[in-house]
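So this block is my_file-v4.cif, mmCIF, C-alpha atoms:
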```
data_protein
#
loop_
_atom_site.label_atom_id
_atom_site.label_comp_id
_atom_site.auth_asym_id
_atom_site.auth_seq_id
_atom_site.Cartn_x
_atom_site.Cartn_y
_atom_site.Cartn_z
CA MET A 1 -31.17 -105.14 9.58
CA ILE A 2 -34.25 -105.41 7.40
CA SER A 3 -37.10 -103.04 8.25
CA ALA A 4 -40.64 -104.37 8.56
CA GLU A 5 -41.63 -102.43 5.44
CA LEU A 6 -38.75 -103.88 3.41
CA LEU A 7 -39.42 -107.37 4.74
CA ASN A 8 -43.04 -107.18 3.60
CA ALA A 9 -42.01 -105.92 0.15
CA VAL A 10 -39.52 -108.78 -0.25
CA LYS A 11 -42.05 -111.41 0.85
CA SER A 12 -44.61 -109.98 -1.55
CA LYS A 13 -42.29 -110.05 -4.58
CA LEU A 14 -41.16 -113.58 -3.68
CA GLY A 15 -44.81 -114.66 -3.55
CA LEU A 16 -44.58 -115.69 0.11
CA PRO A 17 -47.41 -115.52 2.66
CA SER A 18 -47.34 -112.64 5.13
CA ARG A 19 -46.51 -115.12 7.91
CA PRO A 20 -44.46 -118.03 6.52
CA ARG A 21 -44.29 -121.18 8.62
CA VAL A 22 -41.17 -121.44 10.76
CA ASP A 23 -40.52 -125.14 10.14
CA LEU A 24 -38.98 -127.29 7.41
CA THR A 25 -41.98 -126.83 5.13
CA GLY A 26 -41.74 -123.07 5.53
CA LEU A 27 -37.97 -123.13 5.01
CA ASN A 28 -38.33 -125.04 1.75
CA GLN A 29 -41.05 -122.65 0.60
CA ILE A 30 -38.87 -119.61 1.26
CA TYR A 31 -35.72 -121.17 -0.19
CA ALA A 32 -37.54 -122.32 -3.34
CA ALA A 33 -38.92 -118.82 -3.86
CA TYR A 34 -35.48 -117.27 -3.32
CA SER A 35 -33.86 -119.83 -5.65
CA GLY A 36 -36.33 -119.15 -8.45
CA HIS A 37 -36.71 -115.38 -8.22
CA ILE A 38 -33.32 -113.89 -7.34
CA PRO A 39 -30.48 -114.23 -9.86
CA ASN A 40 -26.87 -114.91 -9.05
CA ASP A 41 -24.90 -112.14 -10.68
CA ASN A 42 -22.05 -109.68 -10.31
CA ILE A 43 -23.74 -106.69 -11.94
CA GLN A 44 -23.62 -104.35 -8.94
CA LYS A 45 -20.06 -105.48 -8.20
CA ARG A 46 -18.88 -104.84 -11.78
CA ILE A 47 -20.39 -101.35 -11.72
CA TRP A 48 -18.62 -100.65 -8.42
CA LEU A 49 -15.30 -101.99 -9.73
CA SER A 50 -15.45 -99.59 -12.68
CA GLY A 51 -16.07 -96.57 -10.42
CA ASN A 52 -13.89 -94.68 -7.95
CA LYS A 53 -14.40 -97.33 -5.20
CA SER A 54 -14.55 -94.64 -2.51
CA GLN A 55 -17.27 -96.58 -0.66
CA PRO A 56 -17.25 -100.25 0.45
CA VAL A 57 -18.02 -102.72 -2.32
CA THR A 58 -21.70 -102.36 -3.10
CA GLY A 59 -24.56 -104.74 -2.36
CA GLY A 60 -23.14 -106.40 0.75
CA GLU A 61 -25.63 -104.92 3.21
CA PRO A 62 -28.84 -107.02 3.25
CA ALA A 63 -31.12 -103.96 3.10
CA GLU A 64 -29.18 -102.55 0.15
CA PHE A 65 -29.21 -105.95 -1.56
CA PHE A 66 -32.98 -106.26 -1.33
CA GLU A 67 -33.57 -102.64 -2.34
CA ASN A 68 -31.44 -103.23 -5.46
CA TRP A 69 -33.39 -106.39 -6.26
CA LEU A 70 -36.77 -104.75 -5.76
CA GLU A 71 -35.87 -101.77 -7.95
CA HIS A 72 -33.52 -103.24 -10.54
CA GLY A 73 -33.85 -107.05 -10.41
CA THR A 74 -30.18 -107.59 -9.56
CA GLY A 75 -28.89 -110.27 -7.20
CA GLY A 76 -25.30 -110.71 -6.11
CA THR A 77 -22.38 -113.05 -5.61
CA CYS A 78 -22.23 -115.48 -2.68
CA PHE A 79 -21.54 -113.12 0.23
CA PRO A 80 -24.24 -110.54 -0.60
CA THR A 81 -26.96 -112.97 -1.65
CA ASN A 82 -26.41 -115.49 1.16
CA GLY A 83 -26.02 -112.69 3.70
CA ALA A 84 -29.36 -111.30 2.56
CA LEU A 85 -30.96 -114.75 2.69
CA CYS A 86 -29.68 -115.27 6.24
CA SER A 87 -31.08 -111.90 7.33
CA LEU A 88 -34.43 -112.68 5.70
CA LEU A 89 -34.68 -116.05 7.46
CA CYS A 90 -33.74 -114.55 10.82
CA ALA A 91 -36.31 -111.77 10.38
CA ILE A 92 -38.99 -114.40 9.73
CA GLY A 93 -37.98 -116.30 12.86
CA PHE A 94 -35.61 -119.08 11.78
CA ASP A 95 -32.44 -120.07 13.63
CA ALA A 96 -30.14 -119.23 10.70
CA ARG A 97 -26.42 -118.54 10.71
CA ARG A 98 -23.68 -117.66 8.26
CA ILE A 99 -20.73 -119.98 7.65
CA LEU A 100 -17.72 -119.97 5.36
CA GLY A 101 -16.74 -122.56 2.81
CA SER A 102 -14.21 -123.03 0.05
CA VAL A 103 -15.10 -123.50 -3.60
CA MET A 104 -12.32 -125.73 -4.92
CA MET A 105 -11.77 -123.85 -8.17
CA GLU A 106 -8.53 -123.91 -10.13
CA GLY A 107 -6.62 -120.63 -10.03
CA ILE A 108 -8.58 -119.18 -7.10
CA GLU A 109 -7.53 -118.86 -3.44
CA HIS A 110 -9.62 -121.47 -1.66
CA GLU A 111 -9.78 -120.64 2.02
CA GLY A 112 -13.02 -118.89 2.96
CA ASN A 113 -13.83 -117.85 -0.60
CA HIS A 114 -17.52 -118.74 -0.23
CA GLY A 115 -20.22 -117.67 2.20
CA THR A 116 -23.35 -119.73 2.78
CA VAL A 117 -26.18 -120.31 5.28
CA LEU A 118 -27.16 -123.03 7.75
CA VAL A 119 -30.58 -123.28 9.40
CA ARG A 120 -31.19 -125.42 12.49
CA ILE A 121 -34.56 -127.16 12.78
CA ALA A 122 -35.22 -129.84 15.42
CA ASP A 123 -31.48 -130.43 16.03
CA ILE A 124 -30.70 -130.89 12.33
CA GLU A 125 -28.79 -128.29 10.34
CA TYR A 126 -29.85 -127.62 6.76
CA LEU A 127 -27.80 -125.92 4.07
CA VAL A 128 -29.67 -123.27 2.09
CA ASP A 129 -27.27 -121.72 -0.38
CA ALA A 130 -28.69 -118.93 -2.53
CA GLN A 131 -25.94 -119.23 -5.12
CA LEU A 132 -26.52 -122.97 -5.58
CA ALA A 133 -30.30 -122.31 -5.79
CA ALA A 134 -31.26 -125.92 -5.13
CA PHE A 135 -34.93 -125.15 -4.30
CA SER A 136 -34.82 -127.62 -1.35
CA ALA A 137 -32.84 -127.43 1.90
CA LEU A 138 -29.99 -129.94 2.19
CA PRO A 139 -29.79 -131.79 5.54
CA LEU A 140 -26.30 -132.10 7.04
CA ILE A 141 -26.13 -135.13 9.34
CA VAL A 142 -22.63 -136.26 10.31
CA GLY A 143 -21.54 -139.32 8.35
CA ARG A 144 -24.64 -139.41 6.18
CA PHE A 145 -24.85 -138.74 2.44
CA ALA A 146 -27.74 -136.49 1.42
CA LYS A 147 -29.11 -134.87 -1.72
CA THR A 148 -31.82 -132.37 -2.53
CA GLY A 149 -33.08 -134.52 -5.41
CA GLY A 150 -34.00 -131.56 -7.57
CA GLY A 151 -33.02 -132.94 -10.98
CA ILE A 152 -30.93 -130.27 -12.71
CA HIS A 153 -30.87 -128.33 -9.42
CA ASP A 154 -29.65 -131.29 -7.35
CA VAL A 155 -26.99 -130.61 -4.71
CA GLN A 156 -25.31 -133.38 -2.71
CA ALA A 157 -23.65 -133.51 0.70
CA VAL A 158 -20.77 -135.99 0.80
CA PRO A 159 -19.44 -136.71 4.32
CA ARG A 160 -15.80 -135.88 4.99
CA GLY A 161 -15.14 -136.92 8.59
CA GLU A 162 -17.42 -134.70 10.66
CA GLU A 163 -17.72 -132.18 7.85
CA PHE A 164 -19.00 -132.17 4.27
CA ASP A 165 -18.10 -131.59 0.67
CA VAL A 166 -21.06 -130.17 -1.21
CA GLN A 167 -21.17 -131.28 -4.85
CA TRP A 168 -22.97 -129.25 -7.50
CA TYR A 169 -22.90 -128.62 -11.25
CA PRO A 170 -22.02 -125.16 -12.57
CA GLY A 171 -22.92 -123.48 -15.84
CA SER A 172 -22.79 -125.78 -18.83
CA ASN A 173 -20.47 -128.33 -17.18
CA ARG A 174 -22.99 -131.06 -16.35
CA GLN A 175 -20.53 -133.98 -16.16
CA VAL A 176 -17.92 -133.00 -13.56
CA PRO A 177 -19.25 -131.60 -10.27
CA MET A 178 -17.62 -128.73 -8.45
CA ILE A 179 -16.96 -129.03 -4.74
CA THR A 180 -17.67 -126.54 -1.98
CA ARG A 181 -15.91 -127.62 1.21
CA LEU A 182 -17.89 -126.42 4.22
CA ASP A 183 -16.02 -125.03 7.22
CA LEU A 184 -18.19 -125.97 10.20
CA LYS A 185 -15.74 -125.84 13.11
CA PRO A 186 -14.54 -122.21 13.46
CA GLY A 187 -16.26 -119.76 15.78
CA PRO A 188 -19.22 -117.56 14.85
CA VAL A 189 -19.27 -116.06 11.38
CA ASP A 190 -21.31 -112.86 11.42
CA HIS A 191 -22.24 -110.14 8.96
CA SER A 192 -18.93 -108.32 9.46
CA VAL A 193 -17.00 -111.45 8.44
CA PHE A 194 -19.09 -111.75 5.27
CA MET A 195 -18.45 -108.08 4.48
CA ALA A 196 -14.70 -108.50 5.02
CA GLN A 197 -14.58 -111.58 2.77
CA TYR A 198 -16.67 -109.79 0.14
CA ALA A 199 -14.23 -106.86 0.19
CA LEU A 200 -11.31 -109.28 -0.25
CA SER A 201 -13.03 -110.81 -3.27
CA ALA A 202 -13.01 -107.41 -4.98
CA LEU A 203 -9.26 -106.84 -4.66
CA ARG A 204 -7.47 -106.95 -7.99
CA ASP A 205 -4.24 -108.32 -6.51
CA ARG A 206 -5.99 -111.31 -4.90
CA LYS A 207 -7.18 -114.34 -6.88
CA ARG A 208 -10.28 -114.87 -4.76
CA SER A 209 -13.08 -114.45 -7.27
CA PRO A 210 -13.88 -115.23 -10.93
CA PHE A 211 -16.52 -112.49 -10.85
CA ASN A 212 -14.44 -109.33 -11.27
CA GLU A 213 -13.61 -109.15 -14.97
CA ALA A 214 -16.87 -109.64 -16.85
CA ILE A 215 -20.60 -109.94 -16.34
CA PHE A 216 -21.89 -113.31 -15.18
CA ILE A 217 -25.53 -113.92 -14.37
CA GLY A 218 -27.52 -117.08 -13.76
CA ARG A 219 -31.10 -117.77 -12.83
CA HIS A 220 -32.66 -121.06 -11.81
CA PHE A 221 -36.23 -121.60 -12.94
CA PRO A 222 -38.11 -124.71 -11.75
CA ASP A 223 -37.75 -126.36 -15.17
CA ARG A 224 -34.52 -124.84 -16.54
CA ILE A 225 -31.34 -122.91 -15.77
CA LEU A 226 -30.38 -119.81 -17.72
CA ASN A 227 -26.81 -118.46 -17.66
CA LEU A 228 -25.09 -115.58 -19.40
CA GLY A 229 -21.33 -115.11 -19.28
CA ARG A 230 -19.49 -112.60 -21.43
CA LEU A 231 -21.17 -113.02 -24.82
CA THR A 232 -22.47 -116.55 -24.41
CA ARG A 233 -26.04 -117.52 -23.51
CA THR A 234 -26.42 -121.00 -22.00
CA GLU A 235 -29.65 -122.78 -21.15
CA ILE A 236 -29.98 -126.15 -19.39
CA SER A 237 -33.33 -127.86 -19.95
CA CYS A 238 -35.19 -129.95 -17.38
CA ASP A 239 -33.73 -133.12 -18.94
CA ASN A 240 -30.19 -131.72 -18.63
CA VAL A 241 -29.70 -130.81 -22.28
CA VAL A 242 -27.32 -127.87 -22.72
CA SER A 243 -28.03 -125.27 -25.41
CA LYS A 244 -25.31 -122.71 -25.94
CA ARG A 245 -24.96 -119.83 -28.40
CA GLU A 246 -22.81 -116.79 -28.93
CA ILE A 247 -24.60 -113.44 -28.78
CA THR A 248 -23.92 -109.83 -29.72
CA PRO A 249 -23.64 -107.00 -27.17
CA ALA A 250 -27.07 -105.76 -28.29
CA GLU A 251 -28.55 -109.22 -27.77
CA ARG A 252 -26.97 -109.39 -24.32
CA THR A 253 -28.66 -106.14 -23.36
CA GLN A 254 -32.04 -107.48 -24.53
CA ILE A 255 -31.56 -110.81 -22.73
CA LEU A 256 -30.65 -109.10 -19.46
CA VAL A 257 -33.82 -107.01 -19.60
CA ASP A 258 -36.31 -109.47 -21.12
CA GLU A 259 -35.16 -112.84 -19.76
CA PHE A 260 -33.46 -111.94 -16.48
CA GLY A 261 -35.65 -108.97 -15.55
CA ILE A 262 -32.78 -106.52 -14.98
CA SER A 263 -33.77 -102.86 -15.28
CA ALA A 264 -32.70 -101.04 -18.44
CA GLU A 265 -31.18 -98.33 -16.24
CA ILE A 266 -28.76 -100.75 -14.58
CA VAL A 267 -27.98 -102.59 -17.82
CA GLN A 268 -26.85 -99.30 -19.35
CA ALA A 269 -24.49 -98.76 -16.39
CA ILE A 270 -22.68 -102.10 -16.85
CA PRO A 271 -19.05 -101.49 -17.91
CA PRO A 272 -17.47 -103.36 -20.84
CA ASP A 273 -16.05 -106.80 -20.08
CA GLU A 274 -12.32 -107.02 -19.46
CA GLU A 275 -9.90 -109.51 -20.94
CA ALA A 276 -10.15 -112.90 -19.24
CA THR A 277 -7.37 -113.78 -16.81
CA THR A 278 -9.32 -116.30 -14.70
CA LYS A 279 -10.91 -119.50 -15.96
CA SER A 280 -14.53 -119.85 -14.90
CA ASN A 281 -17.05 -122.69 -15.19
CA ILE A 282 -19.87 -120.64 -13.71
#
```

Mind turning the file's structure into structure tokens?
Amino acid sequence: MISAELLNAVKSKLGLPSRPRVDLTGLNQIYAAYSGHIPNDNIQKRIWLSGNKSQPVTGGEPAEFFENWLEHGTGGTCFPTNGALCSLLCAIGFDARRILGSVMMEGIEHEGNHGTVLVRIADIEYLVDAQLAAFSALPLIVGRFAKTGGGIHDVQAVPRGEEFDVQWYPGSNRQVPMITRLDLKPGPVDHSVFMAQYALSALRDRKRSPFNEAIFIGRHFPDRILNLGRLTRTEISCDNVVSKREITPAERTQILVDEFGISAEIVQAIPPDEEATTKSNI
């Protein structure tokens, strides 16, 4: 649950009105603010993985997620950030629900490895995925192709029978889209399911996540995308030009603070990257 005080603090930092509209216009306003202000990262998860792990993997509770963001600027991976988005939308008054999907990534267990959010408005369900950060809600109408049309942020829904493959472009790979296969038929997916899947993603003996070995962070701005993985800084311009450069550990620290807005306190707590065992295009 999100308290009224926390809800107001989140809306204020996102630049939202005190009473957002509960319609498609309001949904797009909230989703655009979330897309542009909250990074996708594994910072809190990496810190937890390097500790004693006596408590559940950190950042999965929506209140904790937002408190971390307000204080330190951190976001999360798909289950924490989409769980928090779903809770925010429900608190504002939207008919939002969690669902599972599968990111079809080589070397990773597919089934249920991604959590996302659907919002129903006037009998149409819209995908609002915080990790994809598309700025506009994606309508899901059976048998109908759809796209958000956001240039470098564009996300597409490709019909697959009565379900959908969502196509999007990760990191610096702007030629070959990745696919997230939505799982629309199973029964209700609630917060506890997201927490269980998030816990599975942190297990070292399960290949369910590329976000356990090293820091990855990405932020979508209206006119560009900024990513940092290991010691590489990648920027995608509004006309889809990719600029990539290697950086030093000291430069990474400065970029995290100055360009991503992560607190110096949290940056100092980030453990060293581990040797890569999983290929990632994020």

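Proximity ranking of A:Arg19, A:Ile179, A:Ala4, A:Gly218 relative to Ala133 of chain A places A:Gly218 first, based on only C-alpha atoms.
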
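Residues matching the PyMOL selection byres ((chain A and resi 8) around 12) in this structure come to Ile2, Ser3, Ala4, Glu5, Leu6, Leu7, Ala9, Val10, Lys11, Ser12, Lys13, Leu14, Gly15, Leu16, Pro17, Ser18, Arg19, Pro20, Phe66, Leu70, Leu88, Ala91 and Ile92 of chain A.
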
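Atom CA of Thr74 of chain A to atom CA of Leu200 of chain A spans 21.1 Å [interatomic distance, one decimal].
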
Please evaluate the PyMOL selection byres ((chain A and resi 188-191) around 10) against the structure above and give the resulting residues as number ranges by chain.
A: 60-62, 79-80, 83-84, 86-87, 97-100, 115, 184-187, 192-197

Top pick for closest residue to Val103 of chain A, considering A:Ala157, A:Leu89, A:Val166, A:Leu49 and counting only C-alpha atoms:
A:Val166

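Proximity of A:Asp41, A:Asp258, A:Glu111, A:Asp95 to Asn212 of chain A, computed with only C-alpha atoms, is greatest for A:Asp41.
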
Atom-to-atom span, atom CA of Thr248 of chain A and atom CA of Thr77 of chain A, Å:
24.4 Å

Explicit residue set for the PyMOL selection byres ((chain A and resi 140) around 10), as number ranges by chain
A: 118, 120, 124-127, 137-139, 141-147, 156-159, 162-164, 166

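One distance worth recording is that between atom CA of Gln131 of chain A and atom CA of Leu231 of chain A, which is 21.2 Å.
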
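Distances here use all atoms listed in the file; by that measure, the residue among A:Val155, A:Ile225, A:Ala96, A:Cys78 closest to Lys244 of chain A is A:Ile225.
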
Residues near Thr25 of chain A, anyone? I mean within 12 Å using all atoms listed in the file, not counting same-chain ones fewer than 4 positions away, as a count of residues only.
10

Nearest-residue call for Phe260 of chain A, choices A:Arg160, A:Arg224, A:Arg181, A:His37, using all atoms listed in the file:
A:His37

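Comparing A:Val119, A:Cys238, A:Ala199, A:Val257 by their smallest distance to Leu27 of chain A, the closest is A:Val119 (using all atoms listed in the file).
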